[in-house]
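Okay, data32.cif is below, mmCIF, C-alpha atoms:
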```cif
data_start
#
loop_
_atom_site.label_atom_id
_atom_site.label_comp_id
_atom_site.auth_asym_id
_atom_site.auth_seq_id
_atom_site.Cartn_x
_atom_site.Cartn_y
_atom_site.Cartn_z
CA MET E 1 1.27 26.19 23.06
CA ARG E 2 1.46 29.76 21.83
CA SER E 3 4.56 31.90 21.89
CA ALA E 4 4.77 35.24 23.67
CA HIS E 5 3.49 37.09 20.58
CA GLY E 6 0.56 34.70 20.16
CA GLY E 7 1.79 32.42 17.37
CA PRO E 8 2.88 28.80 17.42
CA VAL E 9 6.37 27.64 18.40
CA VAL E 10 8.39 26.10 15.54
CA LEU E 11 11.51 24.10 16.41
CA VAL E 12 14.10 24.14 13.60
CA VAL E 13 17.09 21.78 13.36
CA GLU E 14 19.91 23.15 11.17
CA HIS E 15 22.70 20.73 10.20
CA GLU E 16 25.20 23.18 8.72
CA ALA E 17 25.61 26.87 8.05
CA GLY E 18 25.30 26.38 4.29
CA CYS E 19 21.76 24.96 4.54
CA PRO E 20 19.71 27.55 6.45
CA LEU E 21 15.97 28.21 6.53
CA GLY E 22 16.44 30.53 3.56
CA ARG E 23 13.15 31.58 1.98
CA LEU E 24 11.18 29.96 4.79
CA GLU E 25 12.65 32.11 7.57
CA PRO E 26 10.66 35.33 6.95
CA LEU E 27 7.57 33.34 6.00
CA LEU E 28 7.58 31.41 9.28
CA ALA E 29 8.94 34.12 11.56
CA GLY E 30 6.16 36.54 10.74
CA SER E 31 3.56 34.55 12.66
CA SER E 32 5.47 32.10 14.84
CA ARG E 33 8.37 31.94 17.25
CA LEU E 34 11.31 30.16 15.70
CA ASP E 35 13.52 28.10 18.01
CA VAL E 36 16.50 27.40 15.75
CA ARG E 37 18.92 24.78 17.05
CA ARG E 38 22.34 24.39 15.44
CA PRO E 39 23.78 21.19 16.89
CA TRP E 40 26.78 21.44 14.56
CA ALA E 41 27.68 24.58 16.55
CA GLY E 42 26.99 23.02 19.94
CA ASP E 43 23.28 23.75 20.47
CA PRO E 44 21.56 20.94 22.38
CA LEU E 45 18.52 19.21 20.94
CA PRO E 46 15.58 18.35 23.19
CA THR E 47 15.44 14.65 24.04
CA GLY E 48 13.29 12.20 25.90
CA ARG E 49 9.55 11.73 26.24
CA GLY E 50 8.94 15.46 26.60
CA ALA E 51 11.22 16.53 23.76
CA LEU E 52 8.40 18.19 21.85
CA ASP E 53 6.50 19.59 24.82
CA GLY E 54 5.65 23.18 23.96
CA VAL E 55 6.52 22.70 20.29
CA ASP E 56 3.79 23.17 17.69
CA ALA E 57 5.81 22.27 14.59
CA LEU E 58 9.21 20.83 13.70
CA VAL E 59 11.38 21.69 10.68
CA VAL E 60 14.50 19.65 9.88
CA LEU E 61 16.76 21.16 7.22
CA GLY E 62 19.17 19.70 4.69
CA GLY E 63 22.90 19.13 4.73
CA GLN E 64 25.74 17.21 3.11
CA VAL E 65 25.99 14.51 5.78
CA ALA E 66 24.32 11.15 5.10
CA ALA E 67 21.19 10.43 7.09
CA TRP E 68 22.85 7.38 8.68
CA ASP E 69 26.28 8.93 9.36
CA ASP E 70 26.01 9.31 13.12
CA ASP E 71 29.79 9.25 13.59
CA VAL E 72 30.16 12.39 11.49
CA ALA E 73 27.07 14.12 12.89
CA PRO E 74 26.44 12.73 16.39
CA TRP E 75 23.19 14.70 16.74
CA LEU E 76 21.45 12.64 14.05
CA PRO E 77 19.98 10.03 16.44
CA ALA E 78 18.34 12.80 18.47
CA THR E 79 17.05 14.39 15.26
CA ARG E 80 15.57 11.11 14.06
CA ALA E 81 13.97 10.65 17.47
CA LEU E 82 12.35 14.08 17.21
CA LEU E 83 10.94 13.23 13.79
CA ALA E 84 9.65 9.85 14.96
CA ARG E 85 8.00 11.48 17.96
CA ALA E 86 6.44 14.16 15.76
CA ALA E 87 5.05 11.55 13.36
CA SER E 88 3.60 9.37 16.10
CA GLY E 89 2.41 12.25 18.26
CA GLY E 90 0.69 14.38 15.66
CA VAL E 91 3.16 17.28 15.80
CA PRO E 92 3.33 18.85 12.32
CA ALA E 93 6.79 18.35 10.83
CA LEU E 94 8.57 19.26 7.61
CA GLY E 95 11.80 17.54 6.62
CA LEU E 96 13.74 19.04 3.70
CA CYS E 97 16.11 16.85 1.66
CA LEU E 98 18.28 15.35 4.43
CA GLY E 99 15.36 16.09 6.75
CA ALA E 100 13.07 13.98 4.55
CA GLN E 101 15.59 11.15 4.54
CA LEU E 102 15.88 11.32 8.33
CA LEU E 103 12.08 11.17 8.62
CA ALA E 104 12.03 8.08 6.42
CA LEU E 105 14.77 6.36 8.42
CA ALA E 106 13.18 7.32 11.74
CA THR E 107 9.88 5.72 10.82
CA GLY E 108 11.06 2.48 9.22
CA GLY E 109 12.01 3.40 5.68
CA ARG E 110 15.31 2.96 3.86
CA VAL E 111 17.79 5.59 2.64
CA GLU E 112 20.81 4.81 0.45
CA ARG E 113 23.21 6.38 -1.97
CA GLY E 114 21.02 7.28 -4.91
CA PRO E 115 21.23 4.37 -7.35
CA ALA E 116 20.57 6.69 -10.31
CA GLY E 117 23.26 9.14 -9.24
CA PRO E 118 22.89 12.70 -7.92
CA GLU E 119 19.84 14.79 -8.75
CA ALA E 120 20.74 18.45 -9.12
CA GLY E 121 19.33 21.65 -10.53
CA LEU E 122 15.85 22.90 -11.24
CA LEU E 123 13.87 19.78 -12.18
CA PRO E 124 10.22 18.74 -12.53
CA VAL E 125 8.30 17.01 -9.74
CA ARG E 126 4.80 15.60 -10.17
CA ALA E 127 2.08 14.79 -7.66
CA THR E 128 0.73 11.28 -7.12
CA ASP E 129 -2.95 10.53 -6.62
CA ALA E 130 -2.36 10.52 -2.87
CA GLY E 131 -0.50 13.81 -3.17
CA ARG E 132 -3.43 15.52 -4.83
CA ALA E 133 -5.52 14.72 -1.76
CA ASP E 134 -2.81 15.70 0.74
CA ALA E 135 -2.88 19.00 2.62
CA LEU E 136 0.68 19.98 1.59
CA VAL E 137 1.12 18.61 -1.91
CA GLY E 138 -2.52 19.27 -2.72
CA ALA E 139 -1.90 22.93 -1.87
CA VAL E 140 1.13 22.94 -4.18
CA VAL E 141 -0.98 21.43 -6.95
CA ALA E 142 -3.69 24.05 -6.40
CA ASP E 143 -1.18 26.88 -6.80
CA LEU E 144 1.36 25.48 -9.29
CA GLY E 145 -0.30 22.55 -11.04
CA GLU E 146 0.26 18.81 -10.88
CA ARG E 147 3.82 19.16 -12.21
CA TRP E 148 6.12 21.84 -10.87
CA GLU E 149 9.80 22.74 -10.97
CA ALA E 150 11.73 22.27 -7.74
CA PRO E 151 15.34 22.92 -6.70
CA GLN E 152 17.30 19.68 -6.25
CA ALA E 153 20.74 18.97 -4.80
CA HIS E 154 21.17 15.48 -3.36
CA GLY E 155 23.11 12.27 -3.82
CA ASP E 156 21.24 10.06 -1.34
CA ALA E 157 17.63 9.01 -1.73
CA VAL E 158 14.73 7.34 0.04
CA THR E 159 14.65 3.91 -1.61
CA ALA E 160 11.88 2.34 0.50
CA LEU E 161 9.00 4.16 2.15
CA PRO E 162 8.18 3.66 5.82
CA PRO E 163 5.40 1.07 6.27
CA ASP E 164 2.66 3.60 7.01
CA ALA E 165 3.85 6.40 4.70
CA GLU E 166 2.01 7.92 1.76
CA LEU E 167 3.92 8.68 -1.43
CA LEU E 168 2.92 12.21 -2.45
CA ALA E 169 5.22 13.20 -5.33
CA SER E 170 7.86 11.73 -7.64
CA SER E 171 10.43 12.85 -10.21
CA ASP E 172 11.82 11.15 -13.30
CA LEU E 173 14.99 10.14 -11.43
CA TYR E 174 13.68 9.29 -7.96
CA ARG E 175 10.28 7.92 -7.02
CA VAL E 176 10.19 9.43 -3.52
CA GLN E 177 10.09 13.22 -3.79
CA ALA E 178 7.47 13.83 -1.12
CA LEU E 179 6.06 11.60 1.59
CA ARG E 180 3.85 11.89 4.62
CA VAL E 181 3.98 9.79 7.77
CA GLY E 182 0.96 10.01 10.02
CA GLU E 183 -1.34 12.97 9.73
CA SER E 184 1.14 15.79 9.26
CA ALA E 185 4.80 14.71 9.21
CA TRP E 186 5.96 15.58 5.71
CA GLY E 187 9.26 15.06 3.97
CA VAL E 188 10.24 16.58 0.63
CA GLN E 189 13.40 15.56 -1.21
CA TYR E 190 13.57 18.90 -3.00
CA HIS E 191 14.45 22.30 -1.51
CA PRO E 192 11.54 24.77 -1.35
CA GLU E 193 13.54 26.85 1.12
CA VAL E 194 16.72 27.46 -0.85
CA THR E 195 17.51 30.94 -2.12
CA PRO E 196 18.82 31.37 -5.68
CA ALA E 197 22.28 32.33 -4.42
CA ASP E 198 22.58 29.28 -2.18
CA LEU E 199 21.27 26.91 -4.85
CA LEU E 200 23.70 28.18 -7.47
CA GLY E 201 26.51 27.92 -4.95
CA TRP E 202 25.63 24.29 -4.21
CA LEU E 203 25.49 23.48 -7.91
CA ALA E 204 28.83 25.13 -8.67
CA ASP E 205 30.58 23.54 -5.70
CA HIS E 206 29.15 20.02 -5.80
CA HIS E 207 27.15 19.24 -8.96
CA ALA E 208 28.85 20.81 -11.97
CA GLU E 209 29.66 17.40 -13.48
CA GLU E 210 26.08 16.13 -13.22
CA LEU E 211 24.78 19.29 -14.84
CA ALA E 212 27.29 19.01 -17.67
CA ALA E 213 26.37 15.35 -18.23
CA ARG E 214 22.79 16.32 -18.98
CA GLY E 215 23.76 19.26 -21.20
CA SER E 216 23.30 22.00 -18.62
CA GLY E 217 25.58 24.07 -16.43
CA VAL E 218 25.60 26.65 -13.68
CA ASP E 219 25.02 29.54 -16.11
CA ALA E 220 22.04 27.77 -17.66
CA GLN E 221 20.69 27.03 -14.20
CA ARG E 222 21.13 30.69 -13.22
CA THR E 223 18.93 31.69 -16.14
CA ALA E 224 16.35 28.99 -15.39
CA VAL E 225 16.16 29.92 -11.71
CA ALA E 226 15.71 33.62 -12.55
CA GLN E 227 12.89 32.80 -14.96
CA ALA E 228 11.23 30.51 -12.41
CA GLU E 229 11.58 32.93 -9.49
CA PRO E 230 7.87 33.79 -9.03
CA ARG E 231 6.98 30.08 -8.98
CA LEU E 232 9.85 29.21 -6.64
CA ALA E 233 8.76 31.94 -4.23
CA GLN E 234 5.23 30.55 -4.38
CA LEU E 235 6.51 27.02 -3.73
CA ALA E 236 8.18 28.21 -0.53
CA ALA E 237 5.10 30.17 0.47
CA VAL E 238 2.83 27.14 0.12
CA HIS E 239 5.08 24.97 2.29
CA ALA E 240 5.26 27.65 4.97
CA ARG E 241 1.52 28.30 4.88
CA VAL E 242 0.49 24.66 5.23
CA LEU E 243 2.95 24.03 8.05
CA LEU E 244 1.78 27.14 9.90
CA GLU E 245 -1.85 26.18 9.44
CA ALA E 246 -1.16 22.75 10.93
CA ALA E 247 0.91 24.28 13.73
CA GLY E 248 -1.74 26.88 14.46
CA ALA E 249 -4.41 24.21 14.72
CA ARG E 250 -2.23 22.35 17.22
CA ALA E 251 -1.50 25.52 19.21
CA ARG E 252 -5.17 26.37 19.71
#
```
Could you rewrite the structure in this file as structure tokens?
Amino acid sequence: MRSAHGGPVVLVVEHEAGCPLGRLEPLLAGSSRLDVRRPWAGDPLPTGRGALDGVDALVVLGGQVAAWDDDVAPWLPATRALLARAASGGVPALGLCLGAQLLALATGGRVERGPAGPEAGLLPVRATDAGRADALVGAVVADLGERWEAPQAHGDAVTALPPDAELLASSDLYRVQALRVGESAWGVQYHPEVTPADLLGWLADHHAEELAARGSGVDAQRTAVAQAEPRLAQLAAVHARVLLEAAGARAR
């Protein structure tokens, strides 16, 4: 399906106001129609067999809630169902942090409190062999190299991949940094979408102790993020480009 202005339709699930599309919003909105649903504010999510009818791509954002905490966030079952349907039906999807964890849970993987503790700040991620051959992570490698810095802010982690998933990238702390289920349902544990202001706010509010434990801090992260800005902008651009390419192919 094509939107009124000729581009694909991208359904976006936002879990909280503090985790928006960020850098990805202008990159996606320029050539697609964004249908942003905020179930935390009362927006309904599409459900049932036709939930993704007319949708060319799905983006599921991050948030502080646990991927299994349906009592706190009662829209999570519908979100997991959307991700499972995207993975099985060939609808391109991108799950970010919590979104990646929800994709893993929805397709038979396991998500738990991170056994190595929270992962926070600007940290290196490296591609696997499968990642180098993947449309998304391969594009990141082509632009940024096989090891790149990525914004992190999470306490939960994917601890077992879904049965049919490919492991695309890892970090020193957590093995599952990027995965793909099916042809084009991707999940990334890191945050390509986050703006510098939002990232530094998350770190100050929730991860100051972890940063201090590894000899860093919010001020040091502010400097690192500023120095990495061109590469972080490129990281977001690659994720948006690959998703739009997959969505555009579906829309035609």
When the PyMOL selection byres ((chain E and resi 209-215) around 12) is applied to the file above, which residues end up in the set, as a PDB file with C-alpha atoms, keeping the file's coordinate frame?
```
ATOM      1  CA  ALA E 116      20.570   6.690 -10.310  1.00  0.00           C
ATOM      2  CA  GLY E 117      23.260   9.140  -9.240  1.00  0.00           C
ATOM      3  CA  PRO E 118      22.890  12.700  -7.920  1.00  0.00           C
ATOM      4  CA  GLU E 119      19.840  14.790  -8.750  1.00  0.00           C
ATOM      5  CA  ALA E 120      20.740  18.450  -9.120  1.00  0.00           C
ATOM      6  CA  GLY E 121      19.330  21.650 -10.530  1.00  0.00           C
ATOM      7  CA  LEU E 122      15.850  22.900 -11.240  1.00  0.00           C
ATOM      8  CA  LEU E 123      13.870  19.780 -12.180  1.00  0.00           C
ATOM      9  CA  GLN E 152      17.300  19.680  -6.250  1.00  0.00           C
ATOM     10  CA  ALA E 153      20.740  18.970  -4.800  1.00  0.00           C
ATOM     11  CA  HIS E 154      21.170  15.480  -3.360  1.00  0.00           C
ATOM     12  CA  GLY E 155      23.110  12.270  -3.820  1.00  0.00           C
ATOM     13  CA  LEU E 200      23.700  28.180  -7.470  1.00  0.00           C
ATOM     14  CA  TRP E 202      25.630  24.290  -4.210  1.00  0.00           C
ATOM     15  CA  LEU E 203      25.490  23.480  -7.910  1.00  0.00           C
ATOM     16  CA  ALA E 204      28.830  25.130  -8.670  1.00  0.00           C
ATOM     17  CA  ASP E 205      30.580  23.540  -5.700  1.00  0.00           C
ATOM     18  CA  HIS E 206      29.150  20.020  -5.800  1.00  0.00           C
ATOM     19  CA  HIS E 207      27.150  19.240  -8.960  1.00  0.00           C
ATOM     20  CA  ALA E 208      28.850  20.810 -11.970  1.00  0.00           C
ATOM     21  CA  SER E 216      23.300  22.000 -18.620  1.00  0.00           C
ATOM     22  CA  GLY E 217      25.580  24.070 -16.430  1.00  0.00           C
ATOM     23  CA  VAL E 218      25.600  26.650 -13.680  1.00  0.00           C
ATOM     24  CA  ASP E 219      25.020  29.540 -16.110  1.00  0.00           C
ATOM     25  CA  ALA E 220      22.040  27.770 -17.660  1.00  0.00           C
ATOM     26  CA  GLN E 221      20.690  27.030 -14.200  1.00  0.00           C
TER      27      GLN E 221
END
```
> Quick one: distance from atom CA of E:Leu168 to atom CA of E:Gln189 in Å, one decimal?
Replying inline: 11.1 Å
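When all atoms listed in the file are used to compute distances to E:Leu232, the closest of the residues E:Leu199, E:Ala73, E:Ala135, E:Val13 turns out to be E:Leu199.
With all atoms listed in the file taken into account, the protein and nucleic acid residues at most 12 Å from E:Gly42 (excluding it and anything under 5 positions from it in its own chain) are Val13, Glu14, His15, Glu16, Arg37, Ala73, Pro74 and Trp75 of chain E.
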For the file shown, report as an mmCIF file with C-alpha atoms, keeping the file's coordinate frame the outcome of the PyMOL selection byres ((chain E and resi 103) around 9) at residue level.
```cif
data_model
loop_
_atom_site.group_PDB
_atom_site.id
_atom_site.type_symbol
_atom_site.label_atom_id
_atom_site.label_comp_id
_atom_site.auth_asym_id
_atom_site.auth_seq_id
_atom_site.Cartn_x
_atom_site.Cartn_y
_atom_site.Cartn_z
ATOM 1 C CA VAL E 60 14.500 19.650 9.880
ATOM 2 C CA THR E 79 17.050 14.390 15.260
ATOM 3 C CA ARG E 80 15.570 11.110 14.060
ATOM 4 C CA LEU E 83 10.940 13.230 13.790
ATOM 5 C CA ALA E 84 9.650 9.850 14.960
ATOM 6 C CA ALA E 87 5.050 11.550 13.360
ATOM 7 C CA LEU E 94 8.570 19.260 7.610
ATOM 8 C CA GLY E 95 11.800 17.540 6.620
ATOM 9 C CA LEU E 98 18.280 15.350 4.430
ATOM 10 C CA GLY E 99 15.360 16.090 6.750
ATOM 11 C CA ALA E 100 13.070 13.980 4.550
ATOM 12 C CA GLN E 101 15.590 11.150 4.540
ATOM 13 C CA LEU E 102 15.880 11.320 8.330
ATOM 14 C CA ALA E 104 12.030 8.080 6.420
ATOM 15 C CA LEU E 105 14.770 6.360 8.420
ATOM 16 C CA ALA E 106 13.180 7.320 11.740
ATOM 17 C CA THR E 107 9.880 5.720 10.820
ATOM 18 C CA GLY E 108 11.060 2.480 9.220
ATOM 19 C CA GLY E 109 12.010 3.400 5.680
ATOM 20 C CA PRO E 162 8.180 3.660 5.820
ATOM 21 C CA VAL E 181 3.980 9.790 7.770
ATOM 22 C CA ALA E 185 4.800 14.710 9.210
ATOM 23 C CA TRP E 186 5.960 15.580 5.710
ATOM 24 C CA GLY E 187 9.260 15.060 3.970
#
```
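Counting all atoms listed in the file and comparing E:Gly50, E:Leu235, E:Val59, E:Leu179, the residue that lies closest to E:Ala142 is E:Leu235.
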Let me have the centre and edge lengths in Å, one decimal, of the box along x, y and z around every listed atom of stretch 110-116 of chain E with 4 Å of margin on each side, as lines of an AutoDock Vina configuration file.
```
center_x = 19.3
center_y = 5.1
center_z = -3.2
size_x = 15.9
size_y = 12.3
size_z = 22.2
```
> Hey, which of E:Arg33, E:Arg231, E:Arg110, E:Arg49 ends up closest to E:Pro151? Count all atoms listed in the file.
Replying inline: E:Arg231
> So how far away is atom CA of E:Pro8 from atom CA of E:Ser31, in Å?
Replying inline: 7.5 Å
The PyMOL selection byres ((chain E and resi 30) around 12) applied to the shown file, residues as a PDB file with C-alpha atoms, in the coordinates of the input:
```
ATOM      1  CA  HIS E   5       3.490  37.090  20.580  1.00  0.00           C
ATOM      2  CA  GLY E   6       0.560  34.700  20.160  1.00  0.00           C
ATOM      3  CA  GLY E   7       1.790  32.420  17.370  1.00  0.00           C
ATOM      4  CA  PRO E   8       2.880  28.800  17.420  1.00  0.00           C
ATOM      5  CA  VAL E   9       6.370  27.640  18.400  1.00  0.00           C
ATOM      6  CA  VAL E  10       8.390  26.100  15.540  1.00  0.00           C
ATOM      7  CA  LEU E  24      11.180  29.960   4.790  1.00  0.00           C
ATOM      8  CA  GLU E  25      12.650  32.110   7.570  1.00  0.00           C
ATOM      9  CA  PRO E  26      10.660  35.330   6.950  1.00  0.00           C
ATOM     10  CA  LEU E  27       7.570  33.340   6.000  1.00  0.00           C
ATOM     11  CA  LEU E  28       7.580  31.410   9.280  1.00  0.00           C
ATOM     12  CA  ALA E  29       8.940  34.120  11.560  1.00  0.00           C
ATOM     13  CA  SER E  31       3.560  34.550  12.660  1.00  0.00           C
ATOM     14  CA  SER E  32       5.470  32.100  14.840  1.00  0.00           C
ATOM     15  CA  ARG E  33       8.370  31.940  17.250  1.00  0.00           C
ATOM     16  CA  LEU E  34      11.310  30.160  15.700  1.00  0.00           C
ATOM     17  CA  ALA E 240       5.260  27.650   4.970  1.00  0.00           C
ATOM     18  CA  ARG E 241       1.520  28.300   4.880  1.00  0.00           C
ATOM     19  CA  LEU E 244       1.780  27.140   9.900  1.00  0.00           C
TER      20      LEU E 244
END
```
> Which one of E:Thr128, E:Gln64, E:Thr195, E:Ser88 sits closest to E:Glu183 if you count only C-alpha atoms?
Replying inline: E:Ser88
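Note that the spacing between atom CA of E:Val188 and atom CA of E:Leu243 amounts to 12.8 Å.
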>> Counting only C-alpha atoms, which residues have an atom no more than 12 Å from (3.3, 19.7, 21.0) in the file's coordinates? Please list them as number ranges by chain.
In response: E: 1-2, 8-11, 49-58, 82, 85-93, 246-252
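Each of E:Glu193, E:Glu112, E:Asp164, E:Glu146 was checked against E:His239 using all atoms listed in the file; the smallest atom-to-atom distance is that of E:Glu193.
Near E:Glu229, within 12 Å and counting all atoms listed in the file, sit Arg23, Leu122, Glu149, Ala150, Pro151, Pro192, Val194, Thr195, Pro196, Ala197, Gln221, Arg222, Thr223, Ala224, Val225, Ala233, Gln234, Leu235 and Ala236 of chain E; same-chain residues fewer than 4 positions away were not included.
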Just the selected residues (C-alpha atoms), exported as a CSV table (one decimal), keeping the file's coordinate frame, please.
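result_29.csv, written as the output of this step:
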```
chain,number,residue,atom,x,y,z
E,23,ARG,CA,13.2,31.6,2.0
E,122,LEU,CA,15.8,22.9,-11.2
E,149,GLU,CA,9.8,22.7,-11.0
E,150,ALA,CA,11.7,22.3,-7.7
E,151,PRO,CA,15.3,22.9,-6.7
E,192,PRO,CA,11.5,24.8,-1.4
E,194,VAL,CA,16.7,27.5,-0.8
E,195,THR,CA,17.5,30.9,-2.1
E,196,PRO,CA,18.8,31.4,-5.7
E,197,ALA,CA,22.3,32.3,-4.4
E,221,GLN,CA,20.7,27.0,-14.2
E,222,ARG,CA,21.1,30.7,-13.2
E,223,THR,CA,18.9,31.7,-16.1
E,224,ALA,CA,16.4,29.0,-15.4
E,225,VAL,CA,16.2,29.9,-11.7
E,233,ALA,CA,8.8,31.9,-4.2
E,234,GLN,CA,5.2,30.6,-4.4
E,235,LEU,CA,6.5,27.0,-3.7
E,236,ALA,CA,8.2,28.2,-0.5
```
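Comparing the minimum interatomic distances between E:Asp172 and each of E:Leu136, E:Ala130, E:Val125, E:Ala157, counting all atoms listed in the file, we find that E:Val125 sits nearest.
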>> Using all atoms listed in the file, which protein or nucleic acid residues come within 8 Å of E:Gly18? Drop anything in the same chain fewer than 2 positions from it, and give the result as number ranges by chain.
In response: E: 16, 20, 63, 198
